[in-house]
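File shown: final-v3.csv. Contents: CSV, C-alpha atoms.
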```
chain,number,residue,atom,x,y,z
I,1,MET,CA,-53.5,25.4,-20.7
I,2,ASP,CA,-51.4,28.7,-20.8
I,3,GLU,CA,-47.7,28.9,-20.1
I,4,GLY,CA,-48.2,30.3,-16.6
I,5,CYS,CA,-50.2,27.2,-15.6
I,6,LYS,CA,-47.5,24.9,-17.2
I,7,ASN,CA,-44.8,26.6,-15.2
I,8,SER,CA,-46.8,26.3,-12.0
I,9,LYS,CA,-47.2,22.6,-12.6
I,10,LYS,CA,-43.5,22.1,-13.2
I,11,ASN,CA,-42.6,24.1,-10.1
I,12,PHE,CA,-45.0,22.0,-8.0
I,13,LYS,CA,-43.3,18.8,-9.3
I,14,PHE,CA,-39.9,20.1,-8.6
I,15,VAL,CA,-40.8,21.3,-5.0
I,16,SER,CA,-42.5,17.9,-4.4
I,17,LEU,CA,-39.3,16.1,-5.3
I,18,ILE,CA,-37.3,18.2,-2.9
I,19,SER,CA,-39.9,17.7,-0.3
I,20,VAL,CA,-39.6,13.9,-0.6
I,21,ALA,CA,-35.8,14.1,0.0
I,22,ALA,CA,-36.4,16.6,2.9
I,23,ILE,CA,-39.0,14.4,4.6
I,24,ILE,CA,-36.7,11.4,4.4
I,25,ALA,CA,-33.9,13.4,5.8
I,26,LEU,CA,-36.0,14.7,8.6
I,27,ALA,CA,-37.4,11.3,9.4
I,28,ALA,CA,-34.0,9.8,9.4
I,29,GLY,CA,-32.8,12.5,11.7
I,30,THR,CA,-35.5,12.0,14.3
I,31,MET,CA,-34.8,8.2,14.2
I,32,SER,CA,-31.1,8.5,14.1
I,33,PHE,CA,-30.7,7.1,17.6
I,34,ARG,CA,-32.7,4.0,16.6
I,35,LEU,CA,-30.5,3.5,13.5
I,36,LEU,CA,-27.3,3.8,15.5
I,37,ALA,CA,-28.5,1.3,18.1
I,38,ALA,CA,-30.0,-1.1,15.6
I,39,GLY,CA,-28.3,-4.1,14.0
I,40,SER,CA,-28.0,-4.2,10.2
I,41,ASP,CA,-31.3,-6.0,9.7
I,42,ASP,CA,-33.2,-3.7,12.0
I,43,ARG,CA,-31.5,-0.6,10.4
I,44,ASP,CA,-32.3,-1.7,6.9
I,45,SER,CA,-35.9,-2.5,8.0
I,46,ILE,CA,-36.3,1.0,9.3
I,47,ILE,CA,-34.9,2.5,6.1
I,48,LEU,CA,-37.2,0.4,4.0
I,49,SER,CA,-40.1,1.5,6.1
I,50,LEU,CA,-39.1,5.2,5.8
I,51,ILE,CA,-38.8,4.8,2.0
I,52,GLY,CA,-42.3,3.2,1.7
I,53,GLN,CA,-43.9,5.7,4.0
I,54,SER,CA,-42.3,8.7,2.3
I,55,ILE,CA,-43.2,7.6,-1.2
I,56,GLU,CA,-46.8,6.9,-0.2
I,57,ALA,CA,-47.3,10.1,1.8
I,58,TYR,CA,-45.2,12.7,-0.1
I,59,HIS,CA,-44.4,11.6,-3.6
I,60,TYR,CA,-45.8,13.9,-6.3
I,61,SER,CA,-47.1,11.0,-8.4
I,62,LEU,CA,-47.9,8.1,-6.1
I,63,PRO,CA,-47.2,4.8,-7.9
I,64,ALA,CA,-49.6,1.9,-7.6
I,65,PHE,CA,-48.0,-0.7,-5.3
I,66,ASP,CA,-49.1,-3.7,-7.3
I,67,ASP,CA,-47.6,-6.6,-9.3
I,68,GLY,CA,-46.6,-4.3,-12.1
I,69,PHE,CA,-44.6,-2.1,-9.7
I,70,SER,CA,-43.0,-5.2,-8.2
I,71,ALA,CA,-41.9,-6.5,-11.5
I,72,LYS,CA,-40.4,-3.1,-12.5
I,73,VAL,CA,-38.4,-3.0,-9.2
I,74,MET,CA,-37.2,-6.6,-9.7
I,75,ASP,CA,-35.9,-5.9,-13.2
I,76,SER,CA,-34.1,-2.8,-12.0
I,77,TYR,CA,-32.6,-4.6,-9.1
I,78,ILE,CA,-31.3,-7.5,-11.1
I,79,GLU,CA,-29.7,-5.1,-13.6
I,80,LYS,CA,-28.0,-3.2,-10.8
I,81,LEU,CA,-26.7,-6.4,-9.3
I,82,ASP,CA,-25.0,-7.5,-12.5
I,83,TYR,CA,-25.3,-5.1,-15.4
I,84,SER,CA,-22.4,-6.7,-17.3
I,85,LYS,CA,-23.9,-10.2,-16.9
I,86,ARG,CA,-20.4,-11.5,-15.9
I,87,PHE,CA,-21.4,-12.9,-12.5
I,88,LEU,CA,-25.0,-14.2,-12.2
I,89,LEU,CA,-26.3,-17.4,-13.7
I,90,LYS,CA,-29.7,-18.0,-15.2
I,91,SER,CA,-30.6,-20.0,-12.1
I,92,ASP,CA,-29.8,-17.0,-9.9
I,93,ILE,CA,-32.2,-14.8,-11.9
I,94,ASP,CA,-34.9,-17.5,-11.6
I,95,ALA,CA,-34.3,-17.7,-7.8
I,96,LEU,CA,-34.8,-13.9,-7.5
I,97,ASN,CA,-37.8,-13.9,-9.8
I,98,ARG,CA,-39.7,-16.2,-7.5
I,99,TYR,CA,-40.3,-13.0,-5.5
I,100,ARG,CA,-41.0,-11.0,-8.6
I,101,TYR,CA,-44.6,-10.1,-7.7
I,102,ASN,CA,-44.1,-9.9,-3.9
I,103,ILE,CA,-42.1,-6.7,-3.5
I,104,ASP,CA,-45.1,-4.4,-3.1
I,105,ASN,CA,-46.1,-6.5,-0.1
I,106,TYR,CA,-42.6,-6.7,1.2
I,107,ILE,CA,-42.2,-2.9,1.3
I,108,ILE,CA,-45.3,-2.7,3.4
I,109,LYS,CA,-44.1,-5.5,5.7
I,110,THR,CA,-40.5,-4.2,5.6
I,111,ASN,CA,-39.5,-7.7,4.5
I,112,LEU,CA,-35.8,-7.9,3.4
I,113,THR,CA,-35.9,-11.3,1.7
I,114,VAL,CA,-35.1,-10.0,-1.8
I,115,PRO,CA,-32.0,-7.9,-1.0
I,116,ARG,CA,-30.7,-10.5,1.5
I,117,LEU,CA,-31.0,-13.2,-1.2
I,118,GLY,CA,-29.5,-10.9,-3.9
I,119,THR,CA,-26.5,-10.0,-1.7
I,120,SER,CA,-25.8,-13.6,-0.8
I,121,ILE,CA,-25.9,-14.7,-4.4
I,122,ILE,CA,-23.8,-11.9,-5.9
I,123,LYS,CA,-21.1,-12.3,-3.2
I,124,GLN,CA,-20.8,-16.0,-3.9
I,125,ARG,CA,-20.8,-15.5,-7.6
I,126,GLN,CA,-18.0,-12.9,-7.3
I,127,LYS,CA,-15.8,-15.4,-5.5
I,128,GLU,CA,-16.4,-17.9,-8.3
I,129,ALA,CA,-15.7,-15.3,-10.9
I,130,GLU,CA,-12.4,-14.5,-9.3
I,131,GLN,CA,-11.4,-18.2,-9.9
I,132,TYR,CA,-12.5,-18.0,-13.5
I,133,TYR,CA,-10.5,-14.8,-14.1
I,134,ARG,CA,-7.4,-16.4,-12.5
I,135,GLN,CA,-7.7,-19.5,-14.6
I,136,ALA,CA,-7.9,-17.3,-17.7
I,137,ILE,CA,-5.1,-15.0,-16.9
I,138,ASP,CA,-2.7,-17.8,-15.8
I,139,GLY,CA,-3.6,-20.0,-18.8
I,140,VAL,CA,-2.3,-19.9,-22.3
I,141,ILE,CA,-3.7,-17.0,-24.3
I,142,ASP,CA,-3.5,-17.9,-27.9
I,143,PHE,CA,-4.1,-15.0,-30.3
I,144,SER,CA,-3.7,-17.3,-33.3
I,145,ILE,CA,-7.2,-18.7,-32.7
I,146,ASP,CA,-9.9,-16.6,-34.2
I,147,GLU,CA,-12.6,-16.0,-31.6
I,148,SER,CA,-15.2,-13.4,-30.8
I,149,VAL,CA,-16.8,-12.0,-27.6
I,150,GLU,CA,-19.9,-9.9,-27.1
I,151,THR,CA,-19.1,-6.8,-25.2
I,152,GLU,CA,-22.6,-5.1,-25.1
I,153,PRO,CA,-24.5,-6.3,-22.0
I,154,ASP,CA,-27.9,-5.6,-23.6
I,155,SER,CA,-27.0,-8.2,-26.3
I,156,LEU,CA,-26.0,-10.9,-23.7
I,157,GLN,CA,-28.0,-13.6,-22.0
I,158,TYR,CA,-27.1,-14.8,-18.5
I,159,ALA,CA,-25.0,-17.9,-18.6
I,160,ALA,CA,-26.9,-21.1,-18.1
I,161,THR,CA,-24.0,-23.0,-16.4
I,162,ALA,CA,-20.8,-22.3,-14.5
I,163,ASP,CA,-18.8,-23.8,-17.4
I,164,GLU,CA,-20.4,-21.4,-19.8
I,165,LEU,CA,-19.6,-18.4,-17.6
I,166,ARG,CA,-16.0,-19.6,-17.2
I,167,GLU,CA,-15.7,-19.7,-20.9
I,168,SER,CA,-17.1,-16.2,-21.2
I,169,TRP,CA,-14.5,-15.0,-18.7
I,170,ARG,CA,-11.7,-16.7,-20.7
I,171,LYS,CA,-12.7,-14.8,-23.8
I,172,TRP,CA,-13.2,-11.6,-22.0
I,173,ILE,CA,-9.7,-11.7,-20.4
I,174,LYS,CA,-8.2,-12.6,-23.8
I,175,LEU,CA,-9.8,-9.4,-25.2
I,176,VAL,CA,-8.6,-7.2,-22.4
I,177,VAL,CA,-5.0,-8.5,-22.8
I,178,LEU,CA,-5.2,-8.0,-26.5
I,179,GLU,CA,-6.3,-4.4,-25.9
I,180,LYS,CA,-3.4,-3.8,-23.5
I,181,LEU,CA,-0.9,-5.5,-25.9
I,182,TYR,CA,-2.1,-3.2,-28.7
I,183,ASP,CA,-1.5,-0.1,-26.6
I,184,LYS,CA,2.0,-1.3,-25.7
I,185,ILE,CA,2.8,-2.0,-29.3
I,186,LYS,CA,1.7,1.5,-30.3
I,187,LEU,CA,3.7,3.1,-27.5
I,188,GLN,CA,6.8,1.2,-28.6
I,189,GLU,CA,6.3,2.2,-32.2
I,190,LYS,CA,6.0,5.9,-31.1
I,191,ALA,CA,9.2,5.6,-29.0
I,192,LEU,CA,11.2,4.0,-31.8
I,193,LYS,CA,9.9,6.6,-34.3
I,194,ASN,CA,11.0,9.4,-32.1
I,195,ASN,CA,14.4,7.8,-31.4
I,196,ASP,CA,13.8,7.8,-27.7
I,197,THR,CA,17.1,6.6,-26.3
I,198,ALA,CA,15.6,5.9,-22.9
I,199,TYR,CA,13.4,3.2,-24.5
I,200,HIS,CA,14.6,-0.3,-25.0
I,201,GLU,CA,12.9,-2.3,-27.8
I,202,LYS,CA,11.1,-5.4,-26.7
I,203,THR,CA,9.9,-8.5,-28.5
I,204,ILE,CA,6.2,-9.2,-29.0
I,205,GLN,CA,6.5,-12.0,-26.4
I,206,GLU,CA,7.9,-9.5,-23.8
I,207,LEU,CA,5.2,-7.0,-24.6
I,208,GLN,CA,2.5,-9.7,-24.2
I,209,ALA,CA,4.0,-10.8,-20.8
I,210,GLU,CA,3.9,-7.1,-19.7
I,211,ALA,CA,0.3,-6.9,-20.9
I,212,VAL,CA,-0.7,-10.0,-19.0
I,213,SER,CA,1.0,-8.7,-15.9
I,214,SER,CA,-0.7,-5.3,-16.2
I,215,VAL,CA,-4.2,-6.9,-16.6
I,216,ARG,CA,-3.5,-9.3,-13.7
I,217,GLN,CA,-2.6,-6.4,-11.4
I,218,ASN,CA,-5.7,-4.5,-12.5
I,219,TYR,CA,-8.1,-7.3,-12.0
I,220,ASP,CA,-6.6,-8.3,-8.7
I,221,SER,CA,-7.2,-4.8,-7.5
I,222,TRP,CA,-10.8,-4.9,-8.9
I,223,MET,CA,-11.6,-8.2,-7.3
I,224,LYS,CA,-10.3,-6.9,-4.0
I,225,SER,CA,-12.5,-3.8,-4.3
I,226,LEU,CA,-15.5,-6.0,-5.0
I,227,GLU,CA,-14.7,-8.0,-1.8
I,228,SER,CA,-14.6,-4.8,0.2
I,229,ILE,CA,-18.1,-3.7,-0.8
I,230,LYS,CA,-20.2,-3.7,2.4
I,231,ASP,CA,-23.6,-5.3,2.7
I,232,ASP,CA,-25.4,-2.0,3.1
I,233,SER,CA,-24.1,-0.9,-0.3
I,234,TRP,CA,-25.6,-4.1,-1.8
I,235,THR,CA,-28.8,-3.5,0.0
I,236,ALA,CA,-28.8,0.1,-1.3
I,237,LEU,CA,-29.2,-1.3,-4.8
I,238,PHE,CA,-32.6,-2.7,-3.8
I,239,PHE,CA,-33.6,0.5,-2.1
I,240,ASN,CA,-32.7,2.5,-5.2
I,241,ALA,CA,-34.5,0.1,-7.5
I,242,ILE,CA,-37.6,1.0,-5.5
I,243,MET,CA,-36.9,4.7,-5.7
I,244,GLU,CA,-36.1,4.8,-9.4
I,245,SER,CA,-39.2,2.8,-10.2
I,246,CYS,CA,-41.2,5.8,-8.9
I,247,ASP,CA,-39.1,8.4,-10.7
I,248,PRO,CA,-35.5,8.8,-11.9
I,249,HIS,CA,-34.7,11.8,-9.6
I,250,THR,CA,-35.1,10.1,-6.2
I,251,GLU,CA,-32.2,8.1,-4.8
I,252,TYR,CA,-31.0,6.6,-1.5
I,253,PHE,CA,-27.4,6.8,-0.6
I,254,PRO,CA,-25.6,4.5,1.9
I,255,PRO,CA,-23.1,6.3,4.2
I,256,GLU,CA,-20.0,6.2,1.9
I,257,GLU,CA,-21.9,7.3,-1.2
I,258,LYS,CA,-23.6,10.1,0.9
I,259,LYS,CA,-20.2,11.6,1.5
I,260,SER,CA,-19.5,11.7,-2.3
I,261,PHE,CA,-22.9,13.2,-2.9
I,262,ASP,CA,-22.2,15.9,-0.3
I,263,VAL,CA,-19.0,16.8,-2.1
I,264,SER,CA,-20.8,17.1,-5.5
I,265,LEU,CA,-23.6,19.1,-3.9
I,266,SER,CA,-21.1,21.6,-2.4
I,267,GLY,CA,-20.0,22.4,-5.9
I,268,LYS,CA,-16.3,22.1,-5.1
I,269,PHE,CA,-13.7,19.4,-5.1
I,270,GLU,CA,-10.1,18.9,-5.9
I,271,GLY,CA,-9.3,17.2,-9.1
I,272,ILE,CA,-8.7,17.7,-12.8
I,273,GLY,CA,-12.1,18.9,-14.0
I,274,ALA,CA,-13.1,16.2,-16.4
I,275,THR,CA,-16.4,14.4,-16.6
I,276,LEU,CA,-16.0,10.7,-17.1
I,277,LEU,CA,-18.3,7.8,-18.2
I,278,SER,CA,-17.8,4.1,-18.2
I,279,ARG,CA,-18.6,1.9,-21.3
I,280,ASN,CA,-17.7,-1.7,-21.8
I,281,GLY,CA,-14.9,-1.6,-19.2
I,282,LEU,CA,-13.5,1.6,-20.7
I,283,THR,CA,-13.2,5.0,-18.9
I,284,ILE,CA,-14.0,7.7,-21.4
I,285,VAL,CA,-13.7,11.5,-21.1
I,286,SER,CA,-17.2,12.9,-21.9
I,287,ASP,CA,-16.6,16.6,-21.1
I,288,ILE,CA,-13.9,19.1,-19.9
I,289,LEU,CA,-15.1,21.7,-17.4
I,290,PRO,CA,-14.3,25.3,-18.5
I,291,GLY,CA,-11.6,26.9,-16.4
I,292,SER,CA,-10.4,23.6,-14.8
I,293,ALA,CA,-6.9,22.1,-14.7
I,294,SER,CA,-7.7,19.9,-17.8
I,295,TRP,CA,-9.1,22.9,-19.7
I,296,ARG,CA,-6.1,25.1,-19.0
I,297,GLN,CA,-3.6,22.3,-19.8
I,298,GLY,CA,-5.4,21.6,-23.1
I,299,GLU,CA,-4.3,18.1,-24.0
I,300,LEU,CA,-7.1,16.0,-22.5
I,301,GLU,CA,-10.2,16.0,-24.8
I,302,ALA,CA,-13.7,14.6,-24.9
I,303,GLY,CA,-13.6,11.2,-26.4
I,304,ASP,CA,-10.2,10.3,-25.0
I,305,ILE,CA,-10.0,6.8,-23.4
I,306,ILE,CA,-8.1,6.8,-20.0
I,307,THR,CA,-6.1,3.5,-19.8
I,308,MET,CA,-3.8,4.2,-16.9
I,309,VAL,CA,-3.6,6.6,-14.0
I,310,GLY,CA,-0.3,7.4,-12.3
I,311,GLN,CA,0.4,9.4,-9.1
I,312,GLY,CA,3.5,11.6,-9.5
I,313,ASP,CA,6.5,9.3,-10.3
I,314,ASN,CA,4.8,6.1,-9.1
I,315,GLN,CA,4.0,3.2,-11.3
I,316,PRO,CA,0.7,3.9,-13.1
I,317,VAL,CA,-2.4,1.8,-12.4
I,318,ASP,CA,-4.2,0.1,-15.3
I,319,VAL,CA,-7.9,1.1,-15.1
I,320,TYR,CA,-9.3,-1.1,-17.8
I,321,GLY,CA,-12.5,-2.8,-16.4
I,322,MET,CA,-12.2,-0.8,-13.2
I,323,GLN,CA,-15.4,0.6,-11.7
I,324,LEU,CA,-15.9,4.3,-12.5
I,325,ASP,CA,-16.0,5.3,-8.8
I,326,ASP,CA,-12.6,3.7,-8.3
I,327,VAL,CA,-11.1,5.5,-11.3
I,328,VAL,CA,-12.4,8.8,-10.0
I,329,LYS,CA,-10.8,8.2,-6.6
I,330,LEU,CA,-7.5,7.6,-8.3
I,331,ILE,CA,-7.7,10.8,-10.4
I,332,ARG,CA,-8.9,13.1,-7.6
I,333,GLY,CA,-6.4,14.4,-5.1
I,334,PRO,CA,-5.1,17.4,-3.2
I,335,LYS,CA,-4.6,20.7,-5.0
I,336,GLY,CA,-1.1,21.1,-6.4
I,337,THR,CA,-0.3,17.3,-6.8
I,338,THR,CA,0.3,15.7,-10.1
I,339,VAL,CA,-1.6,12.9,-11.8
I,340,LYS,CA,-0.5,11.4,-15.1
I,341,LEU,CA,-3.1,10.0,-17.4
I,342,THR,CA,-2.3,7.6,-20.2
I,343,VAL,CA,-5.0,8.1,-22.8
I,344,LYS,CA,-5.9,6.6,-26.2
I,345,LYS,CA,-6.9,9.4,-28.6
I,346,ILE,CA,-9.7,9.1,-31.2
I,347,ASP,CA,-7.0,8.5,-33.9
I,348,ASN,CA,-5.7,5.5,-31.7
I,349,THR,CA,-2.5,7.3,-30.8
I,350,VAL,CA,-1.4,6.9,-27.1
I,351,LYS,CA,-0.4,9.9,-25.0
I,352,ILE,CA,0.7,10.5,-21.4
I,353,ILE,CA,-0.8,13.7,-20.1
I,354,PRO,CA,0.5,15.1,-16.8
I,355,LEU,CA,-2.1,17.3,-14.9
I,356,VAL,CA,-1.7,19.4,-11.8
I,357,ARG,CA,-4.8,19.0,-9.7
I,358,ASP,CA,-6.7,22.2,-8.7
I,359,VAL,CA,-10.0,23.2,-7.1
I,360,VAL,CA,-12.9,22.4,-9.4
I,361,VAL,CA,-16.0,24.6,-9.2
I,362,LEU,CA,-19.2,23.1,-10.6
I,363,GLU,CA,-21.1,26.3,-11.5
I,364,GLU,CA,-24.2,24.4,-12.4
I,365,THR,CA,-24.7,23.4,-8.7
I,366,TYR,CA,-25.3,26.9,-7.7
I,367,ALA,CA,-28.6,28.7,-7.9
I,368,LYS,CA,-28.6,31.6,-10.3
I,369,SER,CA,-31.0,34.5,-10.9
I,370,SER,CA,-31.1,37.5,-13.2
I,371,VAL,CA,-33.2,40.6,-13.7
I,372,LEU,CA,-34.3,41.6,-17.2
I,373,THR,CA,-35.3,45.1,-17.8
I,374,MET,CA,-37.6,45.7,-20.7
I,375,PRO,CA,-36.9,48.9,-22.8
I,376,GLY,CA,-39.1,51.7,-21.7
I,377,SER,CA,-40.0,50.1,-18.4
I,378,GLY,CA,-38.2,52.8,-16.4
```
Turn the structure described in the file into structure tokens.
Amino acid sequence: MDEGCKNSKKNFKFVSLISVAAIIALAAGTMSFRLLAAGSDDRDSIILSLIGQSIEAYHYSLPAFDDGFSAKVMDSYIEKLDYSKRFLLKSDIDALNRYRYNIDNYIIKTNLTVPRLGTSIIKQRQKEAEQYYRQAIDGVIDFSIDESVETEPDSLQYAATADELRESWRKWIKLVVLEKLYDKIKLQEKALKNNDTAYHEKTIQELQAEAVSSVRQNYDSWMKSLESIKDDSWTALFFNAIMESCDPHTEYFPPEEKKSFDVSLSGKFEGIGATLLSRNGLTIVSDILPGSASWRQGELEAGDIITMVGQGDNQPVDVYGMQLDDVVKLIRGPKGTTVKLTVKKIDNTVKIIPLVRDVVVLEETYAKSSVLTMPGSG
């Protein structure tokens, strides 16, 4: 097959993907009056029906709606519900897997049994996890005891019992407090080394108390944000498990996430111009956009770990363990306002970096073209 045919095939695939999104958008538009008038169950049934019809009629590579497809969707859905494996129990996974080979039929029948069950389970487990966290943060954290905790989700198994999960939370909180205490010790060492007269030396007990208070504030905020997640956002995880099982470039957005997507699609937003990623509860800078506020200021670098975000002169917020979307919301803001990032550098030094927000332009979102003239072509 020559290069021209290959390019034609790639172009067809690309156009087909756009067509899928366009068809869903058009169908959703013609049915908008039904969605507005419908209750949540009816609305989600309509969306599931549209997804199934669109994939079947317009997808460039139609998947086989069979048991294999169902199992793939279920695995993806479970991972999306609790990637960190800090909420669900093994019994919850078993309960969901009872429907492991039914999803293909449920799509056709617009049956919402799986997402309804998943939403009910995760909301209940999050309430229980909040109790485990509070018991851990309010209890005695003894660093003289040598313990270990697995931080990589792929290496973890879902807890078999509530007691096992509670113990996992205790160790996790101990690790988070230790990380925060380490940062505070390093900041104190730096202040004393620089003879900072505004800094008052503190005992290790005082620093630990501050670390515990900071972690408590952070996790209280995180638990509150989990409670505020609406049912349609939880259901969207199931819809996206279906879409992604067809291909990784098709996605469904609930209303709030659609707004964020529109911002990114426009190619402009107001912020600092840094690309972030989340790994094991840490917010890490993965890239600095050329020409952005971060690029011009010059201190923030790829590989930096953002530990706290402060607005102007306000008390900074600890972002350890916070969802990436929530961290981004803290960092973004109106042009001309200041955000202060406390970061841990690659060499483990801690630095506070003030950044004045500006308009960020994502050049890669814009279509580009060029004309090449060959020598002697006239």
When you look at I:Leu324 with a cut-off of 8 Å (counting all atoms listed in the file), what residues show up, excluding the ones that are within fewer than 5 positions of it in the same chain? I need them as an mmCIF file with C-alpha atoms, keeping the file's coordinate frame.
```cif
data_model
loop_
_atom_site.group_PDB
_atom_site.id
_atom_site.type_symbol
_atom_site.label_atom_id
_atom_site.label_comp_id
_atom_site.auth_asym_id
_atom_site.auth_seq_id
_atom_site.Cartn_x
_atom_site.Cartn_y
_atom_site.Cartn_z
ATOM 1 C CA LEU I 276 -16.000 10.700 -17.100
ATOM 2 C CA LEU I 277 -18.300 7.800 -18.200
ATOM 3 C CA SER I 278 -17.800 4.100 -18.200
ATOM 4 C CA THR I 283 -13.200 5.000 -18.900
#
```
Counting all atoms listed in the file, which of I:Thr275, I:Ser245, I:Thr113, I:Gln124 gets nearest to I:Ser70?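 The closest residue to I:Ser70 is I:Ser245.
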Nearest to I:Val339 among I:Pro354, I:Pro316, I:Gly303, I:Gly52, with distances taken over only C-alpha atoms: which residue is it?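 Selected residue with least distance to I:Val339: I:Pro354.
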Which of these residues is nearest to I:Asp325, using all atoms listed in the file: I:Ile103, I:Leu226, I:Leu181, I:Leu187?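 Of I:Ile103, I:Leu226, I:Leu181, I:Leu187, the one nearest I:Asp325, counting all atoms listed in the file, is I:Leu226.
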Nearest residue to I:Gly298 from the set I:Thr235, I:Ser286, I:Gly273, I:Tyr182 (distances using only C-alpha atoms):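 Ranking I:Thr235, I:Ser286, I:Gly273, I:Tyr182 by distance to I:Gly298, first place goes to I:Gly273.
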Between I:Glu164, I:Asp67, I:Ser233, I:Phe143, single out the one closest to I:Glu179, counting only C-alpha atoms. I:Phe143
Taking 6 positions as the minimum chain separation for residues in the same chain, which residues sit within 12 Å of I:Pro334 when counting all atoms listed in the file? Answer as a list in words.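 My list of contacting residues is Phe269, Glu270, Gly271, Ile272, Gln311, Val356, Arg357, Asp358, Val359 and Val360 of chain I.
Of the listed residues (I:Asn240, I:Ser221, I:Gln126, I:Thr338), I:Ser221 comes nearest to I:Tyr320; the distances count only C-alpha atoms.
Once I:Asp92 and its same-chain neighbours fewer than 3 positions away are set aside, I:Ile78, I:Leu81, I:Asp82, I:Lys85, I:Phe87, I:Leu88, I:Leu89, I:Ala95, I:Leu96, I:Asn97, I:Arg98, I:Val114, I:Leu117, I:Gly118, I:Thr119, I:Ser120, I:Ile121, I:Ile122, I:Lys123, I:Gln124, I:Arg125, I:Tyr158, I:Ala159, I:Ala160, I:Thr161, I:Ala162 remain within 12 Å of it when counting only C-alpha atoms.
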